[in-house]
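As structure tokens, the structure follows; a few thoughts come after it.
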Amino acid sequence: MEFQKAKKPLRGEIRIPGDKSISHRAVMFGALSLGTTEVTNFLQGADCLSTISCFQKMGVEIENTPERILIHGKGLHGLSAPNSVLDCGNSGTTTRLISGILSGQTFESDLTGDTSIQSRPMGRIMTPLSRMGADITSLKGNHCAPLHINGRPLHGIHYNSPVASAQVKSCVLLAGLYADRPTSVTEPALSRNHTELMLNYFGANITSHDTTATVEPNPSLIGSQIHVPGDISSSAYFIAAALMVPGSEVLLLNVGINPTRDGMLRVCQAMGADIELRNVSTSGGEPVADLLVRYTPSLKGTTIEGALIPTLIDEIPILAVLASTANGTTVIRNAEELKVKESNRLDVMVNGLTAMGVSIEGTDDGMIIHGGQELKGAVIDSMLDHRIAMSFAIASLAASSPTQILRAECVNISYPQFYRDLAKLQK
């Protein structure tokens, strides 16, 4: 697909699709509950549809309509053995979280995914699950999918995770639902806490203190109503676009602003961005707000590192784009986790922005971006990574010549209507 420099300001309002992390969890926890769970503003992206498919294969009746998702839960111990391999598609969240659930079942199951998933590290969940007594095997012996899981009785543990990862933490906590005693996870920094908030909303008993979360085993989960907030990770592209394109003013409706996810807003604030939060409220335990974003001509470089990284790990590619148009230097550190996402996002962003004329240096755990230069068009391979494709689509708005993005349709993974919404703001 070819993208052009913005010819006029971006104007209007966008209702951001449902948060991907919360959509996944609503299906999973609804399936493990008694009664029916109704989910509105569910993200109809390929990743979340993979989660629905996996639970349908385990006997859970799920009605998917444009207005709502109805999950007819079977209870914590009501899942059935799947009669075929569970295909997680491109979804690391599906693969890792469902592994925790499957480890405590009374049946065997096999998990696989696309080429990307089959190269992403699963040893980080296999280690704690094995310590809990799980029987989980990497079928190729490389600590990646496909995985074979032979459900067994599990033991509660206290796991000190070497990475701040919501997927690892959630996997262990979900396995802890089936354990014989409480299970705790301590992280080096606090990762997103949607699992803790939503499981408690469904009736579990999870307590949190600093960077440790503890779950009590064998709760009675009850079906609930969930209205999924707009995904702040998806909002990030329009935040950056409005800040970059002269004269722009964009209103983003019903965006989740969970403090374990709002690092994008904090970095933009440090850069001097004009962003106003309106109608702040709470939905299903999650804080939400409307975001009014105005063009800010004097953005300045900043440093992104440490405990801030887990709160914006998915937004680093678009922040790199934003930093390239800001005045001064932006330094990103402690972001080595981006090397094992859908692509090596550090390398891809450095190479792509270099091709667009940005002075940028890659480091072992991040990048150094010297901003304030005019971008030029380039040919960018998305590497089938949705966040790469969307980031460079926004970069093209500030480029002096057309930008071509190869395999741009991969945005369907998380935001199927992204290009349509972007075009809407340019009318």
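Chain lettering (A, B, ...) mirrors the order of the structure tokens, residue numbering begins at 1 for each chain separately, and ligand numbering begins at 1 in order of display.
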Please build the interface table for region 116-224 of chain A against region 273-286 of chain A with a cut-off of 12 Å, listing for each qualifying residue the nearest atom pair and the distance in Å to one decimal; count only C-alpha atoms, order rows by chain and increasing number, and write it as a Markdown table.
| residue | atom | partner | partner_atom | distance |
| --- | --- | --- | --- | --- |
| A:Arg192 | CA | A:Glu286 | CA | 11.5 |
| A:Asn193 | CA | A:Glu286 | CA | 9.9 |
| A:His194 | CA | A:Glu286 | CA | 8.1 |
| A:Thr195 | CA | A:Gly285 | CA | 11.1 |
| A:Glu196 | CA | A:Gly285 | CA | 10.1 |
| A:Leu197 | CA | A:Gly285 | CA | 6.3 |
| A:Met198 | CA | A:Gly285 | CA | 7.3 |
| A:Leu199 | CA | A:Gly285 | CA | 10.4 |
| A:Asn200 | CA | A:Gly285 | CA | 9.1 |
| A:Tyr201 | CA | A:Gly284 | CA | 7.1 |
| A:Phe202 | CA | A:Gly284 | CA | 9.9 |
| A:Ser224 | CA | A:Gly284 | CA | 9.4 |
Selection: 10 Å around Val411 (chain A), only C-alpha atoms, excl. self and same-chain fewer than 5 positions, as a list in words: Gly45, Ala46, Ser382, Leu384, Asp385, His386, Arg387, Ile388, Ala389, Met390, Pro416, Gln417, Phe418 and Tyr419 of chain A
May I have the residues from that selection written out with N, CA, C and O atoms, as an mmCIF file, in the first residue's frame?
data_model
loop_
_atom_site.group_PDB
_atom_site.id
_atom_site.type_symbol
_atom_site.label_atom_id
_atom_site.label_comp_id
_atom_site.auth_asym_id
_atom_site.auth_seq_id
_atom_site.Cartn_x
_atom_site.Cartn_y
_atom_site.Cartn_z
ATOM 1 N N GLY A 45 -10.453 -8.549 16.064
ATOM 2 C CA GLY A 45 -9.193 -8.740 15.359
ATOM 3 C C GLY A 45 -8.819 -10.207 15.317
ATOM 4 O O GLY A 45 -9.338 -11.030 16.080
ATOM 5 N N ALA A 46 -7.890 -10.543 14.439
ATOM 6 C CA ALA A 46 -7.533 -11.952 14.235
ATOM 7 C C ALA A 46 -7.033 -12.603 15.518
ATOM 8 O O ALA A 46 -7.341 -13.767 15.796
ATOM 9 N N SER A 382 6.661 -4.481 6.379
ATOM 10 C CA SER A 382 6.049 -4.575 7.706
ATOM 11 C C SER A 382 6.525 -5.790 8.487
ATOM 12 O O SER A 382 6.304 -5.871 9.692
ATOM 13 N N LEU A 384 5.138 -8.436 8.477
ATOM 14 C CA LEU A 384 3.869 -8.992 8.958
ATOM 15 C C LEU A 384 3.614 -8.643 10.426
ATOM 16 O O LEU A 384 2.919 -9.374 11.131
ATOM 17 N N ASP A 385 4.147 -7.513 10.857
ATOM 18 C CA ASP A 385 3.979 -7.030 12.226
ATOM 19 C C ASP A 385 3.027 -5.840 12.196
ATOM 20 O O ASP A 385 3.349 -4.786 11.637
ATOM 21 N N HIS A 386 1.866 -6.011 12.811
ATOM 22 C CA HIS A 386 0.825 -4.981 12.736
ATOM 23 C C HIS A 386 1.281 -3.643 13.280
ATOM 24 O O HIS A 386 0.932 -2.581 12.744
ATOM 25 N N ARG A 387 2.072 -3.651 14.351
ATOM 26 C CA ARG A 387 2.495 -2.379 14.946
ATOM 27 C C ARG A 387 3.543 -1.671 14.096
ATOM 28 O O ARG A 387 3.623 -0.441 14.091
ATOM 29 N N ILE A 388 4.317 -2.421 13.364
ATOM 30 C CA ILE A 388 5.260 -1.819 12.420
ATOM 31 C C ILE A 388 4.501 -1.158 11.273
ATOM 32 O O ILE A 388 4.781 -0.007 10.896
ATOM 33 N N ALA A 389 3.528 -1.851 10.718
ATOM 34 C CA ALA A 389 2.756 -1.297 9.597
ATOM 35 C C ALA A 389 2.055 -0.001 10.001
ATOM 36 O O ALA A 389 2.091 1.002 9.269
ATOM 37 N N MET A 390 1.402 -0.002 11.163
ATOM 38 C CA MET A 390 0.681 1.198 11.586
ATOM 39 C C MET A 390 1.637 2.341 11.902
ATOM 40 O O MET A 390 1.348 3.510 11.599
ATOM 41 N N PRO A 416 -8.517 -3.998 12.460
ATOM 42 C CA PRO A 416 -8.915 -4.207 11.064
ATOM 43 C C PRO A 416 -9.331 -2.936 10.325
ATOM 44 O O PRO A 416 -9.135 -2.824 9.118
ATOM 45 N N GLN A 417 -9.914 -1.947 11.022
ATOM 46 C CA GLN A 417 -10.385 -0.738 10.351
ATOM 47 C C GLN A 417 -9.410 0.431 10.486
ATOM 48 O O GLN A 417 -9.792 1.593 10.290
ATOM 49 N N PHE A 418 -8.136 0.150 10.768
ATOM 50 C CA PHE A 418 -7.165 1.218 11.009
ATOM 51 C C PHE A 418 -7.058 2.172 9.826
ATOM 52 O O PHE A 418 -7.128 3.402 9.990
ATOM 53 N N TYR A 419 -6.864 1.643 8.622
ATOM 54 C CA TYR A 419 -6.674 2.529 7.474
ATOM 55 C C TYR A 419 -7.936 3.334 7.182
ATOM 56 O O TYR A 419 -7.864 4.504 6.787
#
- prompt: If you count only C-alpha atoms, which residues fall within 8 Å of region 96-98 of chain A, apart from same-chain ones fewer than 6 positions away, as a PyMOL selection string?
  reply: chain A and resi 28+122+125+167-168+170-171+174
Now that the selection is made, can you save its residues with N, CA and C atoms as a compact mmCIF listing (two decimals), in the first residue's frame?
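Final output, saved to again-v3.txt:
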# COMPACT_ATOMS: atom_id res chain seq x y z
N MET A 28 -11.57 -15.68 27.86
CA MET A 28 -11.00 -16.75 28.68
C MET A 28 -11.70 -16.87 30.03
N MET A 122 8.84 -19.51 24.45
CA MET A 122 7.87 -20.07 25.38
C MET A 122 8.54 -20.68 26.62
N ILE A 125 7.44 -19.33 29.99
CA ILE A 125 6.28 -19.87 30.71
C ILE A 125 6.49 -21.33 31.08
N GLN A 167 2.09 -11.40 30.13
CA GLN A 167 1.76 -12.73 29.62
C GLN A 167 2.32 -13.81 30.53
N VAL A 168 3.56 -13.64 30.98
CA VAL A 168 4.14 -14.61 31.90
C VAL A 168 3.39 -14.60 33.23
N SER A 170 0.36 -13.59 33.91
CA SER A 170 -1.00 -14.09 33.77
C SER A 170 -1.03 -15.59 33.61
N CYS A 171 -0.09 -16.14 32.85
CA CYS A 171 0.00 -17.58 32.67
C CYS A 171 0.13 -18.28 34.02
N LEU A 174 -3.08 -17.88 36.17
CA LEU A 174 -4.17 -18.73 35.69
C LEU A 174 -3.93 -20.19 36.06
task: Would you return as a PyMOL selection string the members of region 277-389 of chain A that DSSP assigns to strand (DSSP E) on this structure's backbone?
output: chain A and resi 277-283+286-294+303-304+329-332+359-363+366-370+379-381
List the spatial neighbours of region 64-80 of chain A as a compact mmCIF listing (two decimals) with all heavy atoms, in the first residue's frame - criterion: any atom at most 6 Å away, only C-alpha atoms, same-chain residues fewer than 6 positions off excluded.
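File written: selection18.txt
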# COMPACT_ATOMS: atom_id res chain seq x y z
N GLY A 30 -14.57 -15.59 30.96
CA GLY A 30 -15.98 -15.93 30.78
C GLY A 30 -16.18 -17.42 30.58
O GLY A 30 -17.12 -18.02 31.10
N ALA A 31 -15.25 -18.04 29.82
CA ALA A 31 -15.34 -19.48 29.57
C ALA A 31 -15.16 -20.28 30.86
O ALA A 31 -15.73 -21.37 31.01
CB ALA A 31 -14.29 -19.89 28.54
N LEU A 32 -14.36 -19.75 31.80
CA LEU A 32 -14.08 -20.46 33.05
C LEU A 32 -15.08 -20.12 34.15
O LEU A 32 -14.94 -20.59 35.28
CB LEU A 32 -12.66 -20.11 33.53
CG LEU A 32 -11.51 -20.48 32.59
CD1 LEU A 32 -10.18 -20.07 33.20
CD2 LEU A 32 -11.51 -21.97 32.26
N SER A 33 -16.09 -19.32 33.81
CA SER A 33 -17.08 -18.90 34.80
C SER A 33 -18.36 -19.71 34.64
O SER A 33 -18.60 -20.33 33.60
CB SER A 33 -17.39 -17.41 34.63
OG SER A 33 -16.24 -16.63 34.84
N LEU A 34 -19.18 -19.65 35.66
CA LEU A 34 -20.53 -20.23 35.59
C LEU A 34 -21.50 -19.15 35.14
O LEU A 34 -21.46 -18.03 35.64
CB LEU A 34 -20.94 -20.78 36.95
CG LEU A 34 -20.12 -21.99 37.44
CD1 LEU A 34 -20.47 -22.32 38.89
CD2 LEU A 34 -20.34 -23.21 36.53
N GLY A 35 -22.36 -19.50 34.19
CA GLY A 35 -23.30 -18.52 33.68
C GLY A 35 -22.78 -17.87 32.42
O GLY A 35 -21.75 -18.27 31.85
N THR A 36 -23.50 -16.86 31.96
CA THR A 36 -23.20 -16.22 30.69
C THR A 36 -22.48 -14.89 30.91
O THR A 36 -22.87 -14.09 31.77
CB THR A 36 -24.49 -15.97 29.89
OG1 THR A 36 -25.10 -17.24 29.60
CG2 THR A 36 -24.20 -15.25 28.58
N THR A 37 -21.44 -14.67 30.15
CA THR A 37 -20.72 -13.40 30.15
C THR A 37 -21.03 -12.66 28.86
O THR A 37 -20.92 -13.23 27.77
CB THR A 37 -19.20 -13.62 30.28
OG1 THR A 37 -18.91 -14.14 31.59
CG2 THR A 37 -18.42 -12.33 30.08
N GLU A 38 -21.42 -11.39 28.98
CA GLU A 38 -21.70 -10.55 27.82
C GLU A 38 -20.58 -9.52 27.67
O GLU A 38 -20.26 -8.80 28.62
CB GLU A 38 -23.03 -9.82 27.99
CG GLU A 38 -23.37 -8.91 26.81
CD GLU A 38 -24.67 -8.14 27.02
OE1 GLU A 38 -25.04 -7.89 28.18
OE2 GLU A 38 -25.30 -7.77 26.01
N VAL A 39 -19.99 -9.49 26.49
CA VAL A 39 -18.87 -8.59 26.22
C VAL A 39 -19.25 -7.65 25.09
O VAL A 39 -19.61 -8.10 24.00
CB VAL A 39 -17.59 -9.37 25.83
CG1 VAL A 39 -16.41 -8.42 25.68
CG2 VAL A 39 -17.27 -10.45 26.86
N THR A 40 -19.19 -6.35 25.35
CA THR A 40 -19.44 -5.36 24.31
C THR A 40 -18.14 -4.61 24.00
O THR A 40 -17.22 -4.56 24.81
CB THR A 40 -20.53 -4.36 24.73
OG1 THR A 40 -20.22 -3.84 26.03
CG2 THR A 40 -21.89 -5.05 24.79
N MET A 58 -12.87 -26.38 22.93
CA MET A 58 -12.92 -27.05 24.24
C MET A 58 -14.33 -27.06 24.81
O MET A 58 -14.53 -27.20 26.02
CB MET A 58 -11.94 -26.37 25.20
CG MET A 58 -10.49 -26.65 24.83
SD MET A 58 -9.29 -26.05 26.06
CE MET A 58 -9.35 -24.28 25.75
query: Near Asp364 (chain A), counting only C-alpha atoms, which residues have an atom at most 10 Å away, once you skip same-chain residues fewer than 4 positions from it, shown as number ranges by chain?
result: A: 333-336, 339, 346-347
Keeping only all heavy atoms, write the selected residues as a CSV table (one decimal), in the first residue's frame.
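Heads up, here's the output in selection_16.csv:
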chain,number,residue,atom,x,y,z
A,333,ARG,N,15.8,3.0,26.3
A,333,ARG,CA,16.7,1.9,26.9
A,333,ARG,C,15.8,0.8,27.6
A,333,ARG,O,14.6,1.1,27.8
A,333,ARG,CB,17.6,2.5,28.1
A,333,ARG,CG,18.5,3.6,27.7
A,333,ARG,CD,19.5,3.9,28.8
A,333,ARG,NE,20.3,5.0,28.5
A,333,ARG,CZ,20.2,6.2,29.0
A,333,ARG,NH1,19.1,6.5,29.8
A,333,ARG,NH2,21.0,7.2,28.7
A,334,ASN,N,16.4,-0.3,27.9
A,334,ASN,CA,15.7,-1.4,28.6
A,334,ASN,C,14.6,-2.0,27.8
A,334,ASN,O,13.6,-2.6,28.4
A,334,ASN,CB,15.2,-1.0,29.9
A,334,ASN,CG,16.3,-0.2,30.7
A,334,ASN,OD1,16.0,0.9,31.2
A,334,ASN,ND2,17.4,-0.8,30.9
A,335,ALA,N,14.6,-1.9,26.5
A,335,ALA,CA,13.5,-2.4,25.6
A,335,ALA,C,13.9,-3.6,24.8
A,335,ALA,O,13.3,-3.9,23.8
A,335,ALA,CB,13.0,-1.2,24.7
A,336,GLU,N,14.8,-4.4,25.4
A,336,GLU,CA,15.2,-5.6,24.6
A,336,GLU,C,14.1,-6.6,24.4
A,336,GLU,O,14.2,-7.5,23.5
A,336,GLU,CB,16.4,-6.3,25.4
A,336,GLU,CG,16.0,-6.7,26.8
A,336,GLU,CD,16.3,-5.7,27.8
A,336,GLU,OE1,16.5,-4.5,27.4
A,336,GLU,OE2,16.3,-6.0,29.0
A,339,LYS,N,12.8,-7.4,20.9
A,339,LYS,CA,13.5,-8.3,19.9
A,339,LYS,C,12.7,-9.6,19.7
A,339,LYS,O,12.9,-10.3,18.7
A,339,LYS,CB,14.9,-8.6,20.4
A,339,LYS,CG,15.8,-7.4,20.5
A,339,LYS,CD,17.2,-7.8,21.0
A,339,LYS,CE,18.1,-6.6,21.1
A,339,LYS,NZ,19.5,-7.0,21.6
A,346,LEU,N,13.0,-3.6,17.4
A,346,LEU,CA,14.1,-2.6,17.5
A,346,LEU,C,14.8,-2.5,16.1
A,346,LEU,O,15.0,-1.4,15.6
A,346,LEU,CB,15.1,-3.1,18.5
A,346,LEU,CG,14.6,-3.0,20.0
A,346,LEU,CD1,15.7,-3.5,20.9
A,346,LEU,CD2,14.2,-1.6,20.4
A,347,ASP,N,15.2,-3.6,15.5
A,347,ASP,CA,15.9,-3.6,14.3
A,347,ASP,C,15.1,-3.0,13.1
A,347,ASP,O,15.5,-2.2,12.3
A,347,ASP,CB,16.4,-5.0,13.9
A,347,ASP,CG,17.6,-5.5,14.7
A,347,ASP,OD1,18.1,-4.7,15.5
A,347,ASP,OD2,18.0,-6.6,14.6
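For the residues A:Ile316, A:Val331, A:Met271, A:Met244, ranking by smallest atom-to-atom distance to Ala399 (chain A) using only C-alpha atoms places A:Met244 first.
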task: Enter the distance from CA of Ala242 (chain A) to CA of Thr311 (chain A), in Å, rounded to one decimal.
output: 21.3 Å
